[in-house]
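**Q** Got a structure here, written out as structure tokens. Questions coming.
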Amino acid sequence: MEVNLDSVEHGTHFTASERPIFNVLKATLQYPGNQQAKIEKLTNDIIFFCKSSSYGSGILWNVWSVVIEIILYIPPDHPWQECFIQCLSSLRQRDDTISSYDQPSQTDLPWADLPNLSYCMREKWLDPTDDDEALDEEVAKWKNLNSFVARVTATGFAPWLTFPFWQLRTALEEPPVKGLAMNCRLWVACEWVIHCAGIISEEMNSIKDLDESLARSLSGGSLYDGKELLGTERWEFWKRRFSEINADAGKLGLDTAVTKKVVDALKKMDEITIGGLETSHEAEAKVG
């Protein structure tokens with residue numbers, strides 16, 4: 001599948017600082033080399049932007065904003081998405097640091113933390129299905145972004161674990177809608193589970209005390225009446241809702257591709273144990 005980067009350029013209002021960054025990254029992606037060469041070049045491009053800027057880590061706000069805008073146009077199965085995922089992994093493995101511009105109390109920041117990326121991503125995290133008249137193009141961008149962030153999370157970089165909780169809440173803990181919006185919500189929820197079921201379940205089992213802010217972020221939807229915000233109860237609720245929604249596929253206008261994705265997500269969830277308790281799949285296997 002071809003990705004038209006001209007669409008990114010024409011559909012995005014880049015600032016004067018972001019425009020040259022986009023031009024360089026665009027040239028790298030379109031460079032007729034193999035995938036590994038693109039990954040190395042993207043990594044070096046980002047390092048160059050930082051080293052050539054007097055703003056230190058501050059320039060990364062512009063870099064990440066441009067990267068995210070590009071990702072919005074790259075489908076999950078396109079090799080360019082994997083290029084950016086591996087690029088971020090390469091940056092995280094660097095031993096050197098980047099000077100802190102927006103945090104003067106710190107002299108430098110480790111590349112392992114990908115400074116400012118999580119903040120930039122949060123600013124872009126706007127679910128188009130909240131709009132009753134969501135457009136196909138906006139839905140496609142949202143799916144591309146969620147797939148990318150889920151895949152990055154699967155590599156071990158997870159500063160945004162509220163994201164999957166929000167998407168699972170929207171898809172499974174609120175009354176279902178019909179058509180395009182529901183297909184998108186369910187697809188996104190499945191994508192997170194398929195790539196990050198283990199990480200999500202580990203997070204649900206590792207946090208013992210929720211502060212007020214985190215509890216508010218992880219609050220349940222209107223259909224979830226469980227006592228636990230984290231743990232087996234909510235996990236099992238999600239599994240039940242996936243099955244119930246799939247059973248109503250015809251009424252909700254769900255695509256076959258989405259219903260198959262739900263089956264894959266449920267298989268992933270059945271492989272996971274929360275809080276040391278067996279999943280229903282494991283219990284049935286022992287009985288058998």
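Here, A, B, ... name the chains of the structure tokens in the order displayed, residue numbers run from 1 inside each chain, and ligands are numbered from 1 in the same displayed order.
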List every residue of stretch 76-233 of chain A that DSSP, applied to the backbone of this structure, assigns to strand (DSSP E), and report them as a list in words.

**A**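 Residues meeting the strand (DSSP E) criterion: Thr97, Ile98, Ser99, Asp108, Leu109 and Pro110 of chain A.
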
**Q** I'd like the neighbourhood of A:Arg94 as number ranges by chain, where a residue qualifies if any of its atoms comes within 9 Å (using only C-alpha atoms), though same-chain residues fewer than 6 positions away should be ignored.

**A** A: 110-112

**Q** Please, could you write that set of residues out with N, CA, C and O atoms as a PDB file, in the first residue's frame?

**A**
ATOM      1  N   PRO A 110      18.083  11.434  29.574  1.00  0.00           N
ATOM      2  CA  PRO A 110      18.484  10.210  28.863  1.00  0.00           C
ATOM      3  C   PRO A 110      17.599   9.950  27.650  1.00  0.00           C
ATOM      4  O   PRO A 110      16.378  10.133  27.710  1.00  0.00           O
ATOM      5  N   TRP A 111      18.229   9.517  26.579  1.00  0.00           N
ATOM      6  CA  TRP A 111      17.464   9.145  25.389  1.00  0.00           C
ATOM      7  C   TRP A 111      16.514   7.987  25.693  1.00  0.00           C
ATOM      8  O   TRP A 111      15.480   7.836  25.033  1.00  0.00           O
ATOM      9  N   ALA A 112      16.859   7.177  26.673  1.00  0.00           N
ATOM     10  CA  ALA A 112      16.020   6.024  27.022  1.00  0.00           C
ATOM     11  C   ALA A 112      14.595   6.437  27.348  1.00  0.00           C
ATOM     12  O   ALA A 112      13.651   5.653  27.180  1.00  0.00           O
TER      13      ALA A 112
END

**Q** As a ChimeraX atom specification, list the residues of stretch 60-206 of chain A assigned to alpha helix (DSSP H) by DSSP on the backbone atoms of this structure.

**A** /A:60-71,79-92,117-124,136-154,162-172,180-206

**Q** Find the residues around A:Asn144 up to 9 Å (only C-alpha atoms counted), leave out those fewer than 2 positions away in its own chain, and share them as an NGL selection string.

**A** :A and (71-76 or 81 or 139-142 or 146-149)

**Q** For N, CA and C atoms, I'd like the residues from the last selection saved as a tab-separated table (two decimals), in the first residue's frame.

**A**
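part-v7.tsv, freshly written:
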chain	number	residue	atom	x	y	z
A	71	ILE	N	2.78	9.55	11.15
A	71	ILE	CA	2.23	8.26	11.56
A	71	ILE	C	0.73	8.19	11.30
A	72	LEU	N	0.04	9.29	11.44
A	72	LEU	CA	-1.40	9.31	11.21
A	72	LEU	C	-1.77	8.80	9.82
A	73	TYR	N	-0.84	8.90	8.89
A	73	TYR	CA	-1.12	8.52	7.50
A	73	TYR	C	-0.52	7.16	7.13
A	74	ILE	N	0.13	6.48	8.08
A	74	ILE	CA	0.79	5.21	7.77
A	74	ILE	C	0.00	4.04	8.36
A	75	PRO	N	-0.55	3.16	7.53
A	75	PRO	CA	-1.32	2.02	8.04
A	75	PRO	C	-0.45	1.05	8.84
A	76	PRO	N	-1.05	0.27	9.72
A	76	PRO	CA	-0.29	-0.66	10.58
A	76	PRO	C	0.57	-1.66	9.83
A	81	GLN	N	5.79	2.18	9.24
A	81	GLN	CA	5.43	2.21	10.66
A	81	GLN	C	6.47	1.45	11.48
A	139	VAL	N	-11.12	8.43	11.13
A	139	VAL	CA	-11.13	7.11	11.75
A	139	VAL	C	-9.88	6.32	11.35
A	140	ALA	N	-9.51	6.38	10.09
A	140	ALA	CA	-8.31	5.68	9.62
A	140	ALA	C	-7.07	6.20	10.31
A	141	LYS	N	-6.97	7.51	10.47
A	141	LYS	CA	-5.82	8.11	11.17
A	141	LYS	C	-5.76	7.64	12.62
A	142	TRP	N	-6.91	7.58	13.26
A	142	TRP	CA	-6.97	7.17	14.66
A	142	TRP	C	-6.52	5.71	14.83
A	146	ASN	N	-3.20	4.54	17.00
A	146	ASN	CA	-3.32	3.58	18.10
A	146	ASN	C	-2.48	2.34	17.85
A	147	SER	N	-2.47	1.87	16.62
A	147	SER	CA	-1.65	0.70	16.30
A	147	SER	C	-0.18	0.99	16.54
A	148	PHE	N	0.26	2.16	16.10
A	148	PHE	CA	1.66	2.54	16.29
A	148	PHE	C	2.01	2.62	17.77
A	149	VAL	N	1.19	3.30	18.56
A	149	VAL	CA	1.51	3.48	19.98
A	149	VAL	C	1.45	2.13	20.71

**Q** Considering only C-alpha atoms, return as a PDB file with N, CA and C atoms, in the first residue's frame whatever protein or nucleic-acid residues lie within 7 Å of stretch 242-256 of chain A, sequence-local ones (same chain, fewer than 2 positions apart) excluded.

**A**
ATOM      1  N   LEU A 172     -15.848  -0.891  25.451  1.00  0.00           N
ATOM      2  CA  LEU A 172     -16.473  -1.993  26.185  1.00  0.00           C
ATOM      3  C   LEU A 172     -17.299  -1.567  27.394  1.00  0.00           C
ATOM      4  N   VAL A 177     -22.430   1.835  20.143  1.00  0.00           N
ATOM      5  CA  VAL A 177     -23.028   2.615  19.074  1.00  0.00           C
ATOM      6  C   VAL A 177     -23.051   1.733  17.830  1.00  0.00           C
ATOM      7  N   LYS A 178     -23.449   2.279  16.708  1.00  0.00           N
ATOM      8  CA  LYS A 178     -23.534   1.463  15.506  1.00  0.00           C
ATOM      9  C   LYS A 178     -22.613   1.987  14.412  1.00  0.00           C
ATOM     10  N   GLY A 179     -22.291   1.081  13.493  1.00  0.00           N
ATOM     11  CA  GLY A 179     -21.594   1.470  12.275  1.00  0.00           C
ATOM     12  C   GLY A 179     -20.132   1.807  12.432  1.00  0.00           C
ATOM     13  N   ASN A 183     -17.181   0.109  14.882  1.00  0.00           N
ATOM     14  CA  ASN A 183     -16.130  -0.677  14.233  1.00  0.00           C
ATOM     15  C   ASN A 183     -14.750  -0.151  14.631  1.00  0.00           C
ATOM     16  N   TRP A 238     -14.158  -7.059  30.687  1.00  0.00           N
ATOM     17  CA  TRP A 238     -13.773  -6.759  29.308  1.00  0.00           C
ATOM     18  C   TRP A 238     -13.962  -7.970  28.409  1.00  0.00           C
ATOM     19  N   LYS A 239     -13.552  -9.130  28.881  1.00  0.00           N
ATOM     20  CA  LYS A 239     -13.706 -10.348  28.092  1.00  0.00           C
ATOM     21  C   LYS A 239     -15.180 -10.616  27.799  1.00  0.00           C
ATOM     22  N   ARG A 240     -16.010 -10.453  28.805  1.00  0.00           N
ATOM     23  CA  ARG A 240     -17.445 -10.705  28.626  1.00  0.00           C
ATOM     24  C   ARG A 240     -18.046  -9.730  27.622  1.00  0.00           C
ATOM     25  N   VAL A 258     -13.473  -7.004  11.811  1.00  0.00           N
ATOM     26  CA  VAL A 258     -13.470  -6.586  13.216  1.00  0.00           C
ATOM     27  C   VAL A 258     -13.885  -7.746  14.116  1.00  0.00           C
ATOM     28  N   THR A 259     -14.886  -8.497  13.726  1.00  0.00           N
ATOM     29  CA  THR A 259     -15.317  -9.624  14.562  1.00  0.00           C
ATOM     30  C   THR A 259     -14.212 -10.677  14.668  1.00  0.00           C
ATOM     31  N   LYS A 260     -13.465 -10.873  13.596  1.00  0.00           N
ATOM     32  CA  LYS A 260     -12.328 -11.800  13.652  1.00  0.00           C
ATOM     33  C   LYS A 260     -11.237 -11.260  14.584  1.00  0.00           C
ATOM     34  N   VAL A 262     -11.766  -9.441  17.202  1.00  0.00           N
ATOM     35  CA  VAL A 262     -12.241  -9.672  18.565  1.00  0.00           C
ATOM     36  C   VAL A 262     -11.883 -11.080  19.022  1.00  0.00           C
TER      37      VAL A 262
END

**Q** Could you tell me how far atom CA of A:Ser90 sits from atom CA of A:Glu40, in Å to one decimal place?

**A**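 Separating atom CA of A:Glu40 from atom CA of A:Ser90 is a distance of 8.2 Å.
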